[in-house]
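Text of the file start_36.cif, holding mmCIF, N, CA and C atoms:
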data_run
loop_
_atom_site.label_atom_id
_atom_site.label_comp_id
_atom_site.auth_asym_id
_atom_site.auth_seq_id
_atom_site.Cartn_x
_atom_site.Cartn_y
_atom_site.Cartn_z
N HIS J 175 160.57 92.68 182.91
CA HIS J 175 160.76 91.26 182.70
C HIS J 175 159.41 90.54 182.55
N GLY J 176 158.42 90.93 183.32
CA GLY J 176 157.10 90.31 183.26
C GLY J 176 156.40 90.57 181.95
N ALA J 177 156.65 91.78 181.39
CA ALA J 177 156.02 92.11 180.10
C ALA J 177 156.58 91.24 178.99
N ALA J 178 157.88 90.94 179.04
CA ALA J 178 158.50 90.09 178.02
C ALA J 178 157.92 88.69 178.06
N ILE J 179 157.73 88.16 179.27
CA ILE J 179 157.13 86.82 179.41
C ILE J 179 155.69 86.84 178.89
N PHE J 180 154.96 87.91 179.23
CA PHE J 180 153.57 88.03 178.76
C PHE J 180 153.53 88.01 177.24
N PHE J 181 154.36 88.82 176.58
CA PHE J 181 154.36 88.88 175.12
C PHE J 181 154.81 87.58 174.49
N MET J 182 155.74 86.89 175.12
CA MET J 182 156.19 85.60 174.58
C MET J 182 155.07 84.56 174.68
N VAL J 183 154.39 84.52 175.84
CA VAL J 183 153.26 83.59 176.00
C VAL J 183 152.15 83.96 175.02
N PHE J 184 151.87 85.27 174.92
CA PHE J 184 150.85 85.73 173.99
C PHE J 184 151.22 85.34 172.56
N PHE J 185 152.47 85.53 172.17
CA PHE J 185 152.95 85.18 170.83
C PHE J 185 152.78 83.69 170.56
N PHE J 186 153.21 82.84 171.49
CA PHE J 186 153.09 81.39 171.30
C PHE J 186 151.63 80.93 171.27
N MET J 187 150.79 81.50 172.11
CA MET J 187 149.37 81.13 172.12
C MET J 187 148.70 81.56 170.79
N THR J 188 149.06 82.76 170.33
CA THR J 188 148.52 83.24 169.06
C THR J 188 148.98 82.34 167.92
N CYS J 189 150.24 81.95 167.93
CA CYS J 189 150.76 81.05 166.89
C CYS J 189 150.04 79.71 166.91
N ILE J 190 149.83 79.19 168.09
CA ILE J 190 149.14 77.89 168.20
C ILE J 190 147.71 78.01 167.68
N CYS J 191 147.00 79.08 168.03
CA CYS J 191 145.62 79.27 167.56
C CYS J 191 145.59 79.47 166.05
N LEU J 192 146.47 80.33 165.53
CA LEU J 192 146.50 80.57 164.10
C LEU J 192 146.92 79.33 163.34
N LEU J 193 147.82 78.57 163.91
CA LEU J 193 148.24 77.33 163.27
C LEU J 193 147.05 76.37 163.12
N GLY J 194 146.20 76.29 164.13
CA GLY J 194 145.00 75.46 164.07
C GLY J 194 144.03 75.94 162.99
N VAL J 195 143.87 77.26 162.89
CA VAL J 195 142.98 77.84 161.87
C VAL J 195 143.54 77.57 160.48
N ILE J 196 144.82 77.81 160.29
CA ILE J 196 145.45 77.56 159.00
C ILE J 196 145.35 76.09 158.64
N HIS J 197 145.58 75.23 159.61
CA HIS J 197 145.48 73.79 159.39
C HIS J 197 144.06 73.41 158.95
N ALA J 198 143.05 73.97 159.61
CA ALA J 198 141.65 73.67 159.28
C ALA J 198 141.32 74.16 157.86
N ILE J 199 141.79 75.34 157.48
CA ILE J 199 141.53 75.87 156.15
C ILE J 199 142.20 75.00 155.10
N LEU J 200 143.45 74.65 155.32
CA LEU J 200 144.16 73.80 154.35
C LEU J 200 143.51 72.43 154.23
N LEU J 201 143.11 71.86 155.36
CA LEU J 201 142.46 70.56 155.34
C LEU J 201 141.13 70.62 154.60
N ASP J 202 140.37 71.68 154.81
CA ASP J 202 139.09 71.84 154.13
C ASP J 202 139.30 71.95 152.61
N GLU J 203 140.25 72.76 152.19
CA GLU J 203 140.55 72.90 150.77
C GLU J 203 141.01 71.57 150.18
N PHE J 204 141.83 70.85 150.92
CA PHE J 204 142.31 69.55 150.46
C PHE J 204 141.15 68.58 150.27
N MET J 205 140.23 68.55 151.23
CA MET J 205 139.08 67.65 151.14
C MET J 205 138.19 68.01 149.93
N LEU J 206 137.98 69.30 149.70
CA LEU J 206 137.17 69.72 148.56
C LEU J 206 137.83 69.32 147.24
N SER J 207 139.14 69.52 147.15
CA SER J 207 139.82 69.16 145.91
C SER J 207 139.82 67.64 145.71
N MET J 208 139.91 66.87 146.78
CA MET J 208 139.85 65.41 146.67
C MET J 208 138.47 64.95 146.20
N GLN J 209 137.42 65.57 146.72
CA GLN J 209 136.07 65.22 146.27
C GLN J 209 135.89 65.52 144.79
N GLU J 210 136.38 66.67 144.34
CA GLU J 210 136.28 67.03 142.93
C GLU J 210 137.08 66.06 142.06
N GLU J 211 138.26 65.69 142.54
CA GLU J 211 139.09 64.74 141.78
C GLU J 211 138.43 63.37 141.70
N ARG J 212 137.83 62.92 142.79
CA ARG J 212 137.12 61.63 142.78
C ARG J 212 135.97 61.65 141.80
N LYS J 213 135.20 62.74 141.79
CA LYS J 213 134.08 62.86 140.86
C LYS J 213 134.59 62.85 139.42
N ARG J 214 135.66 63.60 139.16
CA ARG J 214 136.22 63.65 137.82
C ARG J 214 136.69 62.26 137.38
N LEU J 215 137.36 61.55 138.28
CA LEU J 215 137.85 60.21 137.94
C LEU J 215 136.69 59.24 137.74
N THR J 216 135.66 59.38 138.56
CA THR J 216 134.48 58.52 138.41
C THR J 216 133.83 58.75 137.06
N ASP J 217 133.68 60.02 136.66
CA ASP J 217 133.10 60.34 135.36
C ASP J 217 133.95 59.80 134.23
N GLU J 218 135.28 59.94 134.35
CA GLU J 218 136.18 59.42 133.32
C GLU J 218 136.11 57.90 133.24
N ASP J 219 136.05 57.23 134.41
CA ASP J 219 135.94 55.77 134.42
C ASP J 219 134.65 55.33 133.74
N PHE J 220 133.56 56.04 134.04
CA PHE J 220 132.28 55.69 133.43
C PHE J 220 132.38 55.84 131.91
N ASP J 221 132.93 56.98 131.47
CA ASP J 221 133.06 57.21 130.03
C ASP J 221 133.95 56.17 129.37
N ARG J 222 135.00 55.75 130.07
CA ARG J 222 135.95 54.80 129.49
C ARG J 222 135.41 53.37 129.52
N ASN J 223 134.69 53.00 130.57
CA ASN J 223 134.31 51.60 130.78
C ASN J 223 132.92 51.22 130.26
N TYR J 224 132.06 52.19 130.04
CA TYR J 224 130.70 51.86 129.64
C TYR J 224 130.39 52.47 128.29
N MET J 225 129.80 51.67 127.46
CA MET J 225 129.38 52.15 126.15
C MET J 225 128.04 52.85 126.32
N THR J 226 127.94 54.03 125.78
CA THR J 226 126.69 54.76 125.82
C THR J 226 126.15 54.87 124.40
N ALA J 227 124.92 55.28 124.28
CA ALA J 227 124.29 55.38 122.96
C ALA J 227 125.07 56.32 122.05
N GLU J 228 125.64 57.39 122.62
CA GLU J 228 126.40 58.33 121.80
C GLU J 228 127.63 57.66 121.20
N LYS J 229 128.23 56.72 121.91
CA LYS J 229 129.44 56.06 121.43
C LYS J 229 129.13 54.97 120.40
N LEU J 230 128.01 54.32 120.56
CA LEU J 230 127.72 53.17 119.71
C LEU J 230 127.38 53.56 118.28
N GLY J 231 126.56 54.55 118.08
CA GLY J 231 126.16 54.93 116.74
C GLY J 231 125.45 53.80 116.01
N SER J 232 124.39 53.30 116.58
CA SER J 232 123.65 52.17 116.04
C SER J 232 122.79 52.59 114.85
N PRO J 233 122.56 51.68 113.90
CA PRO J 233 121.65 52.00 112.80
C PRO J 233 120.21 52.19 113.29
N LEU J 234 119.93 51.73 114.49
CA LEU J 234 118.58 51.88 115.03
C LEU J 234 118.38 53.19 115.78
N ASP J 235 119.37 54.10 115.74
CA ASP J 235 119.27 55.36 116.48
C ASP J 235 117.99 56.14 116.19
N PRO J 236 117.56 56.28 114.93
CA PRO J 236 116.31 57.03 114.69
C PRO J 236 115.11 56.38 115.38
N LEU J 237 115.06 55.07 115.37
CA LEU J 237 113.97 54.34 116.02
C LEU J 237 114.05 54.51 117.54
N LEU J 238 115.25 54.37 118.09
CA LEU J 238 115.43 54.51 119.53
C LEU J 238 115.10 55.92 120.00
N GLU J 239 115.39 56.90 119.16
CA GLU J 239 115.06 58.28 119.50
C GLU J 239 113.56 58.46 119.66
N VAL J 240 112.79 57.82 118.79
CA VAL J 240 111.33 57.88 118.89
C VAL J 240 110.86 57.15 120.15
N LEU J 241 111.46 56.00 120.42
CA LEU J 241 111.04 55.21 121.59
C LEU J 241 111.37 55.89 122.91
N THR J 242 112.37 56.76 122.93
CA THR J 242 112.73 57.41 124.19
C THR J 242 111.75 58.49 124.61
N ASN J 243 110.83 58.86 123.74
CA ASN J 243 109.82 59.86 124.08
C ASN J 243 108.59 59.18 124.65
N PHE J 244 108.73 58.65 125.85
CA PHE J 244 107.59 57.98 126.49
C PHE J 244 107.27 58.69 127.80
N HIS J 245 106.04 58.50 128.27
CA HIS J 245 105.58 59.19 129.47
C HIS J 245 105.56 58.28 130.69
N SER J 246 105.46 57.00 130.47
CA SER J 246 105.43 56.05 131.58
C SER J 246 105.91 54.69 131.07
N SER J 247 106.12 53.77 131.97
CA SER J 247 106.56 52.44 131.54
C SER J 247 105.47 51.76 130.72
N THR J 248 104.23 52.04 131.03
CA THR J 248 103.12 51.47 130.26
C THR J 248 103.13 52.03 128.84
N ASP J 249 103.39 53.32 128.71
CA ASP J 249 103.47 53.95 127.40
C ASP J 249 104.61 53.35 126.58
N LEU J 250 105.77 53.15 127.22
CA LEU J 250 106.91 52.54 126.52
C LEU J 250 106.58 51.12 126.08
N SER J 251 105.98 50.33 126.98
CA SER J 251 105.59 48.96 126.62
C SER J 251 104.62 48.96 125.45
N HIS J 252 103.68 49.88 125.46
CA HIS J 252 102.71 49.99 124.37
C HIS J 252 103.41 50.30 123.05
N LYS J 253 104.37 51.24 123.07
CA LYS J 253 105.10 51.59 121.86
C LYS J 253 105.91 50.41 121.33
N ILE J 254 106.53 49.66 122.23
CA ILE J 254 107.33 48.50 121.81
C ILE J 254 106.43 47.43 121.20
N HIS J 255 105.28 47.17 121.83
CA HIS J 255 104.34 46.18 121.29
C HIS J 255 103.82 46.62 119.92
N GLU J 256 103.49 47.91 119.77
CA GLU J 256 103.03 48.42 118.47
C GLU J 256 104.10 48.21 117.41
N LEU J 257 105.33 48.53 117.76
CA LEU J 257 106.44 48.38 116.82
C LEU J 257 106.61 46.91 116.43
N PHE J 258 106.55 46.02 117.41
CA PHE J 258 106.70 44.60 117.12
C PHE J 258 105.62 44.12 116.16
N PHE J 259 104.37 44.50 116.43
CA PHE J 259 103.28 44.04 115.56
C PHE J 259 103.35 44.66 114.17
N LEU J 260 103.91 45.88 114.06
CA LEU J 260 104.11 46.49 112.73
C LEU J 260 105.17 45.72 111.94
N ILE J 261 106.22 45.31 112.62
CA ILE J 261 107.32 44.62 111.94
C ILE J 261 106.97 43.16 111.67
N ASP J 262 106.21 42.54 112.55
CA ASP J 262 105.82 41.13 112.38
C ASP J 262 104.72 41.01 111.32
N ALA J 263 105.14 41.11 110.06
CA ALA J 263 104.20 41.15 108.95
C ALA J 263 103.34 39.89 108.84
N ASN J 264 103.91 38.72 109.10
CA ASN J 264 103.15 37.49 108.93
C ASN J 264 102.38 37.09 110.21
N GLY J 265 102.53 37.85 111.27
CA GLY J 265 101.78 37.60 112.50
C GLY J 265 102.19 36.34 113.23
N SER J 266 103.39 35.85 113.00
CA SER J 266 103.84 34.60 113.63
C SER J 266 104.24 34.77 115.10
N GLY J 267 104.46 35.99 115.53
CA GLY J 267 104.89 36.20 116.91
C GLY J 267 106.40 36.13 117.07
N SER J 268 107.11 35.92 115.96
CA SER J 268 108.58 35.93 115.98
C SER J 268 109.06 36.65 114.73
N LEU J 269 110.31 37.12 114.79
CA LEU J 269 110.84 37.89 113.67
C LEU J 269 112.08 37.22 113.10
N ASP J 270 112.16 37.18 111.78
CA ASP J 270 113.40 36.72 111.16
C ASP J 270 114.09 37.95 110.55
N TYR J 271 115.27 37.76 110.03
CA TYR J 271 116.08 38.87 109.54
C TYR J 271 115.36 39.64 108.44
N GLN J 272 114.82 38.95 107.49
CA GLN J 272 114.16 39.63 106.36
C GLN J 272 112.95 40.42 106.82
N GLU J 273 112.18 39.84 107.73
CA GLU J 273 111.00 40.50 108.26
C GLU J 273 111.38 41.78 109.01
N ILE J 274 112.48 41.72 109.77
CA ILE J 274 112.96 42.90 110.49
C ILE J 274 113.38 43.99 109.50
N CYS J 275 114.16 43.60 108.49
CA CYS J 275 114.62 44.57 107.49
C CYS J 275 113.46 45.23 106.77
N ASP J 276 112.52 44.43 106.30
CA ASP J 276 111.36 44.97 105.58
C ASP J 276 110.54 45.88 106.50
N GLY J 277 110.34 45.45 107.72
CA GLY J 277 109.55 46.24 108.66
C GLY J 277 110.21 47.56 109.00
N LEU J 278 111.53 47.56 109.20
CA LEU J 278 112.24 48.79 109.52
C LEU J 278 112.25 49.76 108.35
N LYS J 279 112.33 49.23 107.13
CA LYS J 279 112.31 50.09 105.95
C LYS J 279 110.94 50.73 105.76
N SER J 280 109.89 50.05 106.19
CA SER J 280 108.54 50.56 105.96
C SER J 280 108.09 51.57 107.02
N LEU J 281 108.87 51.75 108.07
CA LEU J 281 108.48 52.69 109.12
C LEU J 281 108.56 54.12 108.61
N GLU J 282 107.73 54.99 109.19
CA GLU J 282 107.74 56.40 108.82
C GLU J 282 109.06 57.04 109.25
N GLY J 283 109.44 58.12 108.61
CA GLY J 283 110.67 58.82 108.97
C GLY J 283 111.85 58.28 108.19
N THR J 284 113.00 58.32 108.78
CA THR J 284 114.22 57.87 108.13
C THR J 284 114.18 56.36 107.95
N PRO J 285 114.32 55.87 106.70
CA PRO J 285 114.34 54.42 106.51
C PRO J 285 115.58 53.82 107.19
N ILE J 286 115.37 52.73 107.88
CA ILE J 286 116.45 52.09 108.63
C ILE J 286 116.92 50.87 107.87
N LYS J 287 118.20 50.84 107.55
CA LYS J 287 118.79 49.70 106.85
C LYS J 287 119.66 48.97 107.85
N LEU J 288 119.33 47.71 108.07
CA LEU J 288 120.01 46.90 109.06
C LEU J 288 120.73 45.75 108.37
N SER J 289 122.05 45.69 108.53
CA SER J 289 122.79 44.59 107.93
C SER J 289 122.73 43.38 108.87
N LEU J 290 123.07 42.22 108.34
CA LEU J 290 123.10 41.01 109.16
C LEU J 290 124.12 41.16 110.29
N GLU J 291 125.22 41.83 110.01
CA GLU J 291 126.24 42.08 111.05
C GLU J 291 125.68 42.98 112.15
N ASP J 292 124.90 44.02 111.76
CA ASP J 292 124.27 44.90 112.75
C ASP J 292 123.32 44.09 113.63
N LEU J 293 122.54 43.22 113.02
CA LEU J 293 121.61 42.39 113.78
C LEU J 293 122.36 41.47 114.74
N ASP J 294 123.46 40.87 114.28
CA ASP J 294 124.26 40.03 115.17
C ASP J 294 124.80 40.81 116.34
N THR J 295 125.26 42.03 116.08
CA THR J 295 125.79 42.88 117.16
C THR J 295 124.69 43.25 118.14
N LEU J 296 123.51 43.58 117.66
CA LEU J 296 122.41 43.98 118.52
C LEU J 296 121.86 42.82 119.36
N THR J 297 121.88 41.63 118.80
CA THR J 297 121.30 40.47 119.51
C THR J 297 122.37 39.64 120.19
N GLU J 298 123.59 40.13 120.25
CA GLU J 298 124.70 39.40 120.84
C GLU J 298 124.46 39.05 122.30
N ASN J 299 123.90 39.96 123.05
CA ASN J 299 123.69 39.73 124.48
C ASN J 299 122.27 39.34 124.75
#
Could you spell out this file's structure in structure tokens?
Amino acid sequence: HGAAIFFMVFFFMTCICLLGVIHAILLDEFMLSMQEERKRLTDEDFDRNYMTAEKLGSPLDPLLEVLTNFHSSTDLSHKIHELFFLIDANGSGSLDYQEICDGLKSLEGTPIKLSLEDLDTLTEN
């Protein structure tokens, strides 16, 4: 009779311990899958809610590609200032539509053709 009680207590204690282990494993797997799902949803939200350069397809892409090859913020500022002074043919310190178009066409590499609608879209904000 004592052996039966021992085995029953042993069985219940083993079940309780194994149940805790199984619970911990399932909970861990659940937490990992939730983290992966949150990351996936965050990435999808970003892709859906924010326009990136790949989505826009701007006529200025060749120019922007050149500008992205900078080594420091000073280097980028220098490149932007050089570009501005190249495009500002009359040296007025401001650019009008025709001056921008002529300046972009005269740049080395792929000639950039900018429509008035493109300019409005780019300067909208």
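One finds atom C of Thr216 (chain J) at 27.5 Å from atom N of Phe244 (chain J).
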As a PyMOL selection string, list the residues of chain J assigned to alpha helix (DSSP H) by DSSP on the backbone atoms of this structure.
chain J and resi 176-223+227-230+235-241+247-261+271-280+290-296
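Coordinates place atom C of Ile274 (chain J) at a distance of 7.9 Å from atom N of Ile261 (chain J).
Among the candidates J:Leu250, J:Glu239, J:His255, J:Tyr271, the one nearest to Gly283 (chain J) when counting only C-alpha atoms is J:Glu239.
With atom N of Ala198 (chain J) on one side and atom N of Ala178 (chain J) on the other, the separation reads 29.8 Å.
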List the residues selected by the PyMOL selection byres (((chain J and resi 236-238 and name CA) around 12) and name CA) in the file shown, writing them as a ChimeraX atom specification.
/J:227-228,231-235,239-244,250,253-254,257,277-279,281-288
Those same residues - N, CA and C atoms - I'd like them written as a CSV table (one decimal), in the frame of the given file.
chain,number,residue,atom,x,y,z
J,227,ALA,N,124.9,55.3,124.3
J,227,ALA,CA,124.3,55.4,123.0
J,227,ALA,C,125.1,56.3,122.0
J,228,GLU,N,125.6,57.4,122.6
J,228,GLU,CA,126.4,58.3,121.8
J,228,GLU,C,127.6,57.7,121.2
J,231,GLY,N,126.6,54.6,118.1
J,231,GLY,CA,126.2,54.9,116.7
J,231,GLY,C,125.4,53.8,116.0
J,232,SER,N,124.4,53.3,116.6
J,232,SER,CA,123.6,52.2,116.0
J,232,SER,C,122.8,52.6,114.8
J,233,PRO,N,122.6,51.7,113.9
J,233,PRO,CA,121.6,52.0,112.8
J,233,PRO,C,120.2,52.2,113.3
J,234,LEU,N,119.9,51.7,114.5
J,234,LEU,CA,118.6,51.9,115.0
J,234,LEU,C,118.4,53.2,115.8
J,235,ASP,N,119.4,54.1,115.7
J,235,ASP,CA,119.3,55.4,116.5
J,235,ASP,C,118.0,56.1,116.2
J,239,GLU,N,115.4,56.9,119.2
J,239,GLU,CA,115.1,58.3,119.5
J,239,GLU,C,113.6,58.5,119.7
J,240,VAL,N,112.8,57.8,118.8
J,240,VAL,CA,111.3,57.9,118.9
J,240,VAL,C,110.9,57.2,120.2
J,241,LEU,N,111.5,56.0,120.4
J,241,LEU,CA,111.0,55.2,121.6
J,241,LEU,C,111.4,55.9,122.9
J,242,THR,N,112.4,56.8,122.9
J,242,THR,CA,112.7,57.4,124.2
J,242,THR,C,111.8,58.5,124.6
J,243,ASN,N,110.8,58.9,123.7
J,243,ASN,CA,109.8,59.9,124.1
J,243,ASN,C,108.6,59.2,124.6
J,244,PHE,N,108.7,58.6,125.8
J,244,PHE,CA,107.6,58.0,126.5
J,244,PHE,C,107.3,58.7,127.8
J,250,LEU,N,105.8,53.2,127.2
J,250,LEU,CA,106.9,52.5,126.5
J,250,LEU,C,106.6,51.1,126.1
J,253,LYS,N,104.4,51.2,123.1
J,253,LYS,CA,105.1,51.6,121.9
J,253,LYS,C,105.9,50.4,121.3
J,254,ILE,N,106.5,49.7,122.2
J,254,ILE,CA,107.3,48.5,121.8
J,254,ILE,C,106.4,47.4,121.2
J,257,LEU,N,105.3,48.5,117.8
J,257,LEU,CA,106.4,48.4,116.8
J,257,LEU,C,106.6,46.9,116.4
J,277,GLY,N,110.3,45.4,107.7
J,277,GLY,CA,109.6,46.2,108.7
J,277,GLY,C,110.2,47.6,109.0
J,278,LEU,N,111.5,47.6,109.2
J,278,LEU,CA,112.2,48.8,109.5
J,278,LEU,C,112.2,49.8,108.4
J,279,LYS,N,112.3,49.2,107.1
J,279,LYS,CA,112.3,50.1,106.0
J,279,LYS,C,110.9,50.7,105.8
J,281,LEU,N,108.9,51.8,108.1
J,281,LEU,CA,108.5,52.7,109.1
J,281,LEU,C,108.6,54.1,108.6
J,282,GLU,N,107.7,55.0,109.2
J,282,GLU,CA,107.7,56.4,108.8
J,282,GLU,C,109.1,57.0,109.2
J,283,GLY,N,109.4,58.1,108.6
J,283,GLY,CA,110.7,58.8,109.0
J,283,GLY,C,111.8,58.3,108.2
J,284,THR,N,113.0,58.3,108.8
J,284,THR,CA,114.2,57.9,108.1
J,284,THR,C,114.2,56.4,108.0
J,285,PRO,N,114.3,55.9,106.7
J,285,PRO,CA,114.3,54.4,106.5
J,285,PRO,C,115.6,53.8,107.2
J,286,ILE,N,115.4,52.7,107.9
J,286,ILE,CA,116.4,52.1,108.6
J,286,ILE,C,116.9,50.9,107.9
J,287,LYS,N,118.2,50.8,107.6
J,287,LYS,CA,118.8,49.7,106.8
J,287,LYS,C,119.7,49.0,107.8
J,288,LEU,N,119.3,47.7,108.1
J,288,LEU,CA,120.0,46.9,109.1
J,288,LEU,C,120.7,45.8,108.4
Hey, could you patch up region 274-295 of chain J with N, CA, C and O atoms and hand it over as a JSON list (two decimals), keeping the file's coordinate frame?
[["chain", "number", "residue", "atom", "x", "y", "z"],
["J", 274, "ILE", "N", 112.48, 41.72, 109.77],
["J", 274, "ILE", "CA", 112.96, 42.90, 110.49],
["J", 274, "ILE", "C", 113.38, 43.99, 109.50],
["J", 274, "ILE", "O", 113.00, 45.15, 109.63],
["J", 275, "CYS", "N", 114.16, 43.60, 108.49],
["J", 275, "CYS", "CA", 114.62, 44.57, 107.49],
["J", 275, "CYS", "C", 113.46, 45.23, 106.77],
["J", 275, "CYS", "O", 113.42, 46.46, 106.63],
["J", 276, "ASP", "N", 112.52, 44.43, 106.30],
["J", 276, "ASP", "CA", 111.36, 44.97, 105.58],
["J", 276, "ASP", "C", 110.54, 45.88, 106.50],
["J", 276, "ASP", "O", 110.09, 46.95, 106.08],
["J", 277, "GLY", "N", 110.34, 45.45, 107.72],
["J", 277, "GLY", "CA", 109.55, 46.24, 108.66],
["J", 277, "GLY", "C", 110.21, 47.56, 109.00],
["J", 277, "GLY", "O", 109.55, 48.60, 109.08],
["J", 278, "LEU", "N", 111.53, 47.56, 109.20],
["J", 278, "LEU", "CA", 112.24, 48.79, 109.52],
["J", 278, "LEU", "C", 112.25, 49.76, 108.35],
["J", 278, "LEU", "O", 112.17, 50.97, 108.53],
["J", 279, "LYS", "N", 112.33, 49.23, 107.13],
["J", 279, "LYS", "CA", 112.31, 50.09, 105.95],
["J", 279, "LYS", "C", 110.94, 50.73, 105.76],
["J", 279, "LYS", "O", 110.82, 51.82, 105.21],
["J", 280, "SER", "N", 109.89, 50.05, 106.19],
["J", 280, "SER", "CA", 108.54, 50.56, 105.96],
["J", 280, "SER", "C", 108.09, 51.57, 107.02],
["J", 280, "SER", "O", 107.04, 52.18, 106.86],
["J", 281, "LEU", "N", 108.87, 51.75, 108.07],
["J", 281, "LEU", "CA", 108.48, 52.69, 109.12],
["J", 281, "LEU", "C", 108.56, 54.12, 108.61],
["J", 281, "LEU", "O", 109.35, 54.45, 107.73],
["J", 282, "GLU", "N", 107.73, 54.99, 109.19],
["J", 282, "GLU", "CA", 107.74, 56.40, 108.82],
["J", 282, "GLU", "C", 109.06, 57.04, 109.25],
["J", 282, "GLU", "O", 109.71, 56.58, 110.19],
["J", 283, "GLY", "N", 109.44, 58.12, 108.61],
["J", 283, "GLY", "CA", 110.67, 58.82, 108.97],
["J", 283, "GLY", "C", 111.85, 58.28, 108.19],
["J", 283, "GLY", "O", 111.71, 57.80, 107.07],
["J", 284, "THR", "N", 113.00, 58.32, 108.78],
["J", 284, "THR", "CA", 114.22, 57.87, 108.13],
["J", 284, "THR", "C", 114.18, 56.36, 107.95],
["J", 284, "THR", "O", 114.02, 55.62, 108.91],
["J", 285, "PRO", "N", 114.32, 55.87, 106.70],
["J", 285, "PRO", "CA", 114.34, 54.42, 106.51],
["J", 285, "PRO", "C", 115.58, 53.82, 107.19],
["J", 285, "PRO", "O", 116.67, 54.36, 107.10],
["J", 286, "ILE", "N", 115.37, 52.73, 107.88],
["J", 286, "ILE", "CA", 116.45, 52.09, 108.63],
["J", 286, "ILE", "C", 116.92, 50.87, 107.87],
["J", 286, "ILE", "O", 116.12, 49.98, 107.57],
["J", 287, "LYS", "N", 118.20, 50.84, 107.55],
["J", 287, "LYS", "CA", 118.79, 49.70, 106.85],
["J", 287, "LYS", "C", 119.66, 48.97, 107.85],
["J", 287, "LYS", "O", 120.60, 49.51, 108.40],
["J", 288, "LEU", "N", 119.33, 47.71, 108.07],
["J", 288, "LEU", "CA", 120.01, 46.90, 109.06],
["J", 288, "LEU", "C", 120.73, 45.75, 108.37],
["J", 288, "LEU", "O", 120.09, 44.95, 107.69],
["J", 289, "SER", "N", 122.05, 45.69, 108.53],
["J", 289, "SER", "CA", 122.79, 44.59, 107.93],
["J", 289, "SER", "C", 122.73, 43.38, 108.87],
["J", 289, "SER", "O", 122.37, 43.50, 110.04],
["J", 290, "LEU", "N", 123.07, 42.22, 108.34],
["J", 290, "LEU", "CA", 123.10, 41.01, 109.16],
["J", 290, "LEU", "C", 124.12, 41.16, 110.29],
["J", 290, "LEU", "O", 123.88, 40.71, 111.41],
["J", 291, "GLU", "N", 125.22, 41.83, 110.01],
["J", 291, "GLU", "CA", 126.24, 42.08, 111.05],
["J", 291, "GLU", "C", 125.68, 42.98, 112.15],
["J", 291, "GLU", "O", 125.93, 42.76, 113.34],
["J", 292, "ASP", "N", 124.90, 44.02, 111.76],
["J", 292, "ASP", "CA", 124.27, 44.90, 112.75],
["J", 292, "ASP", "C", 123.32, 44.09, 113.63],
["J", 292, "ASP", "O", 123.30, 44.27, 114.86],
["J", 293, "LEU", "N", 122.54, 43.22, 113.02],
["J", 293, "LEU", "CA", 121.61, 42.39, 113.78],
["J", 293, "LEU", "C", 122.36, 41.47, 114.74],
["J", 293, "LEU", "O", 121.96, 41.33, 115.90],
["J", 294, "ASP", "N", 123.46, 40.87, 114.28],
["J", 294, "ASP", "CA", 124.26, 40.03, 115.17],
["J", 294, "ASP", "C", 124.80, 40.81, 116.34],
["J", 294, "ASP", "O", 124.78, 40.34, 117.48],
["J", 295, "THR", "N", 125.26, 42.03, 116.08],
["J", 295, "THR", "CA", 125.79, 42.88, 117.16],
["J", 295, "THR", "C", 124.69, 43.25, 118.14],
["J", 295, "THR", "O", 124.89, 43.19, 119.35]]
